[in-house]
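These notes concern the structure reproduced below.
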Amino acid sequence: MKWDTCDPSVQYLLHLGDDALVLGHRLSEWCGHGPILEEDIALSNLALDLVGLARQYYQLAAQRISGGCTEDHLAYWRSDREFLNHVLVEQPNGDFADTMARQFFFDAFHVLQLDALQHSSDAELAAIARKALKEATYHAQHSADWVVRLGDGTEESHRRMSAALARHLPFVEELFTAAAVDRVAFERGWGPDVASLRASWLELVGEVVAKAALSLPVVAPKLLRGKQGIHSESLGFLLAEMQSLPRAYPDATW
Amino acid sequence: MAPTVDLEARFLAYVAAENKVEPKHWMPDAYRKTLVRQISQHAHSEVVGMLPEANWITRAPSLRAKLILLAKVQDEGGHGLYLYSAAETLGTSRDQMIDDLLAGKAKYSSIFNYPTLTWADMGAVGWLVDGAAIQNQVMLCRTSYGPYSRAMVRICKEESFHQRQGYEIMMHLARGTQEQKAMAQDALNRWWWPSLMMFGPSDDQSPNSAQSMAWRIKRKSNDDLRQEFIDKTVPQAEFIGLSIPDPDLKWNEERGHYDFGAIDWSEFFAVVAGNGPCNTERLEARRKAHAEGAWVREAASAYAAKQSARRPAAGLPAKPHAA
């Protein structure tokens with residue numbers, strides 16, 4: 001990216017924006033293909049909220065970078081090595097249980113993260129978080145409802161939901177492992193100590209999982225460095241698709 | 001037999017006097033069948049119509065464009081829901097209608113069997129396809145069947161926003177780089193004739209038109225709707241500097257309308273018969289989503305059944321006294 005900046009808050013805003021954009025993008029892949037029309041519409045709603053949230057973070061970052069940088073420069077002209085999202089959110093949609101497991105784990109984290117960010121010392125960031133918390137709370141309710149419905153539905157749905165939780169759980173530890181971007185944010189009072197969110201997350205998630213007659217297996221966390229720009233192989237394809245038009249026509253505006 | 005004749009005559013007089021028919025009213029069986037066919041086709045068109053546009057959601061070239069397109073395709077899903085509900089008031093279940101679609105028994109608008117090849121197609125689909133749909137739907141706001149008419153009023157409000165966003169994309173491309181302008185013209189070239197075919201064959205070739213007019217389901221002829229659409233759209237194309245791909249198109253002062261070239265109906269009938277460029281893909285995509293969603297729908301029903309079994313019956317105390 002040609003937009004170098006010495007404002008350290010930019011990296012943090014990009015990290016927050018990248019989580020929202022990448023997960024929103026994944027959810028938007030369901031549009032037209034959902035398991036039932038009502039849920040197709042609901043998944044698009046989640047995607048709209050998240051991409052909308054990404055825009056707010058990117059717009060703020062772009063203002064602080066200045067020099068004509070826009071939200072679209074940040075979304076379309078950074079490579080996968082410059083994206084700072086958690087590896088969890090870029091995981092492919094899989095079946096509906098996979099999508100819900102990914103969403104459920106992220107939503108529980110997102111609610112706690114935004115709850116802390118509303119008290120950020122960065123007033124502009126706090127304002128974004130206050131608005132987003134309402135949406136994220138609804139998302140968390142929606143994904144928890146599905147985890148319960150699928151866990152306590154049929155034998156097949158129980159088996160699929162259980163497998164999906166097990167598949168996504170190894171990605172969770174990264175949410176609570178501070179990288180440089182989190183440490184700077186915590187030191188400056190912009191964001192929470194991510195490790196401190198772990199206990200509340202376990203409580204939120206544990207309650208729903210128990211209600212769903214499911215359990216969280218003991219898994220070894222994966223070694224993940226998404227917040228340092230080291231991702232799974234799937235992010236490159238996601239970005240190649242997402243960024244294809246602006247990169248094919250670099251002189252055009254849309 | 002006499003009472004039926006009498007009822008039918010009264011029904012015709014009732015709709016002729018611009019009264020709305022409601023679900024519990026008596027109606028001729030053929031009227032009911034026609035409406036189920038038409039409303040379910042319309043619902044299927046909304047749902048299948050999500051696919052060609054969803055094809056570009058992940059490649060929208062700006063975050064703003066991505067949000068607008070996603071919201072638009074989502075609206076179409078919502079229109080599908082209202083329309084399935086309107087059709088259900090006539091006594092056919094949504095499951096039955098969807099089974100008919102997936103079995104290839106029910107039709108949907110043939111326009112969605114064309115591929116969306118470039119970003120400009122998002123402009124052309126919004127501008128032309130939604131534009132043609134609105135022409136028809138504005139008429140349907142006054143259709144004789146109450147639930148259908150009310151659904152259309154709601155849908156028309158959203159569709160006019162869709163058409164504006166499509167035109168906005170075209171305008172932006174037409175004023176962009178050479179490549180963008182070429183992309184916009186190419187999309188117009190590919191979507192123009194299929195859009196004109198959306199109104200259906202000429203009235204003398206359209207077997208159901210006269211009956212639908214008498215029932216006040218339909219209020220304008222296919223040819224009149226098509227002419228209105230052309231008259232409205234040609235100046236919009238001129239305004240953004242794009243050419244309509246019809247050498248015979250010219251303003252007829254005497255008629256006060258544009259004259260236009262002959263439509264190739266053999267193409268229309270080939271697409272209706274299932275041989276359009278994407279008929280197979282569209283139906284396959286719907287079948288796949290339906291099949292892969294089956295376990296989710298079953299789980300949701302099973303969970304709902306368990307929940308209602310767990311809940312004490314309404315009106316009874318939560319803990320009934322031991323007998």
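A note on labels: chains of the structure tokens are A, B, ... as shown, every chain counts residues from 1, and ligands are counted from 1 in their shown order.
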
Could you pull out the residues in segment 35-186 of chain A that DSSP calls alpha helix (DSSP H) from the backbone, as a VMD selection string?
chain A and resid 37 to 65 71 to 76 87 to 90 96 to 117 123 to 151 155 to 168 180 to 186

May I have the residues within 8 Å of Ala16 of chain B as a PyMOL selection string, using only C-alpha atoms and disregarding those fewer than 3 positions away in the same chain?
chain B and resi 12-13+19+214-216

Would you output that residue set with N, CA and C atoms, as a PDB file, in the first residue's frame?
```pdb
ATOM      1  N   LEU B  12     -67.943 -11.042 -12.429  1.00  0.00           N
ATOM      2  CA  LEU B  12     -67.444 -10.158 -13.486  1.00  0.00           C
ATOM      3  C   LEU B  12     -67.912  -8.718 -13.272  1.00  0.00           C
ATOM      4  N   ALA B  13     -69.165  -8.586 -12.878  1.00  0.00           N
ATOM      5  CA  ALA B  13     -69.708  -7.245 -12.644  1.00  0.00           C
ATOM      6  C   ALA B  13     -68.996  -6.603 -11.446  1.00  0.00           C
ATOM      7  N   ASN B  19     -64.026  -3.330  -7.795  1.00  0.00           N
ATOM      8  CA  ASN B  19     -63.967  -3.825  -6.419  1.00  0.00           C
ATOM      9  C   ASN B  19     -62.844  -4.844  -6.288  1.00  0.00           C
ATOM     10  N   ALA B 214     -60.508  -9.139 -18.679  1.00  0.00           N
ATOM     11  CA  ALA B 214     -61.910  -9.165 -18.246  1.00  0.00           C
ATOM     12  C   ALA B 214     -61.985  -9.313 -16.725  1.00  0.00           C
ATOM     13  N   TRP B 215     -61.091 -10.081 -16.161  1.00  0.00           N
ATOM     14  CA  TRP B 215     -61.060 -10.277 -14.698  1.00  0.00           C
ATOM     15  C   TRP B 215     -60.390  -9.115 -13.972  1.00  0.00           C
ATOM     16  N   ARG B 216     -59.905  -8.162 -14.715  1.00  0.00           N
ATOM     17  CA  ARG B 216     -59.194  -7.007 -14.153  1.00  0.00           C
ATOM     18  C   ARG B 216     -57.924  -7.426 -13.396  1.00  0.00           C
TER      19      ARG B 216
END
```

Would you mind listing, as JSON, numbers by chain, all residues of chain A that have at least one atom within 9 Å of chain B, where only C-alpha atoms are what counts?
{"A": [25, 26, 28, 29, 30, 31, 32, 33, 34, 35, 36, 37, 38, 40, 41, 42, 44, 45, 47, 48, 51, 52, 54, 55, 71, 72, 75, 76, 95, 96, 97, 146, 148, 149, 150, 151, 152, 153, 154, 155, 156, 157, 158, 238, 241, 242, 243, 244, 245, 246, 249, 251, 252, 253, 254]}

Write to file, as a compact mmCIF listing (two decimals), in the first residue's frame, the residues of the selection just made, with C-alpha atoms.
```
# COMPACT_ATOMS: atom_id res chain seq x y z
CA HIS A 25 -17.91 -10.58 2.42
CA ARG A 26 -18.12 -14.25 3.37
CA SER A 28 -22.60 -12.02 1.30
CA GLU A 29 -21.55 -15.16 -0.58
CA TRP A 30 -24.72 -16.80 0.79
CA CYS A 31 -27.00 -14.28 -0.90
CA GLY A 32 -29.37 -16.19 -3.19
CA HIS A 33 -28.22 -19.56 -1.86
CA GLY A 34 -29.54 -19.68 1.72
CA PRO A 35 -31.27 -22.76 3.17
CA ILE A 36 -34.60 -20.92 3.40
CA LEU A 37 -35.66 -17.54 2.06
CA GLU A 38 -36.05 -15.92 5.50
CA ASP A 40 -31.11 -15.87 3.08
CA ILE A 41 -32.45 -12.41 3.93
CA ALA A 42 -31.09 -12.59 7.50
CA SER A 44 -27.64 -10.57 3.93
CA ASN A 45 -28.64 -8.35 6.85
CA ALA A 47 -23.41 -8.88 5.77
CA LEU A 48 -24.87 -5.40 5.27
CA VAL A 51 -19.63 -4.22 5.48
CA GLY A 52 -21.26 -1.00 6.69
CA ALA A 54 -16.01 -1.81 7.86
CA ARG A 55 -16.72 1.35 5.88
CA GLU A 71 -12.17 3.63 2.18
CA ASP A 72 -11.93 1.92 -1.20
CA ALA A 75 -10.36 -2.28 0.86
CA TYR A 76 -9.23 -2.79 -2.72
CA ASP A 95 -22.27 -25.77 5.29
CA PHE A 96 -24.80 -23.70 7.20
CA ALA A 97 -23.57 -25.12 10.52
CA TRP A 146 -29.26 -21.21 15.39
CA VAL A 148 -29.40 -24.07 19.84
CA ARG A 149 -31.86 -24.92 17.08
CA LEU A 150 -29.33 -27.04 15.20
CA GLY A 151 -27.81 -28.60 18.32
CA ASP A 152 -31.23 -29.55 19.65
CA GLY A 153 -32.91 -30.18 16.28
CA THR A 154 -32.41 -33.51 14.51
CA GLU A 155 -29.64 -36.08 14.82
CA GLU A 156 -28.11 -34.83 11.59
CA SER A 157 -28.18 -31.17 12.60
CA HIS A 158 -26.68 -32.06 15.99
CA LEU A 238 -11.32 -13.95 -1.38
CA GLU A 241 -12.24 -11.94 -6.33
CA MET A 242 -13.22 -8.90 -4.30
CA GLN A 243 -10.51 -6.64 -5.71
CA SER A 244 -10.61 -7.83 -9.32
CA LEU A 245 -12.44 -4.92 -10.96
CA PRO A 246 -10.57 -1.94 -9.52
CA TYR A 249 -9.20 -0.99 -14.49
CA ASP A 251 -7.74 4.36 -14.06
CA ALA A 252 -11.47 3.98 -13.58
CA THR A 253 -13.65 5.20 -10.74
CA TRP A 254 -16.83 3.37 -9.82
```

When distances are computed from only C-alpha atoms, which of A:Val147, A:Ala61, A:Leu125, A:Val194 shows the smallest separation from Glu207 of chain A?
A:Val147

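Each of B:Ser308, B:Gln227, B:Gln96, B:Asn279 was checked against Trp251 of chain B using only C-alpha atoms; the smallest atom-to-atom distance is that of B:Gln227.
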
May I ask which of the residues B:Leu69, B:Val36, B:Tyr145, B:Phe268 is the closest one to Ser93 of chain B, counting only C-alpha atoms?
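The shortest atom-to-atom distance to Ser93 of chain B comes from B:Val36.
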
Enumerate, as a list in words, the complete set of residues in segment 161-273 of chain B that a backbone-based DSSP assignment places in strand (DSSP E).
Lys250, Trp251, Asn252, His257, Tyr258 and Asp259 of chain B

Which one is closest to Ala101 of chain A: A:Gly17, A:Pro170, A:Gly67, A:Gly226? Count only C-alpha atoms.
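Of A:Gly17, A:Pro170, A:Gly67, A:Gly226, the one nearest Ala101 of chain A is A:Pro170, counting only C-alpha atoms.
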
Figure out the distance between atom CA of Met152 of chain B and atom CA of Arg37 of chain B, please, to one decimal in Å.
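These two atoms are separated by 16.0 Å.
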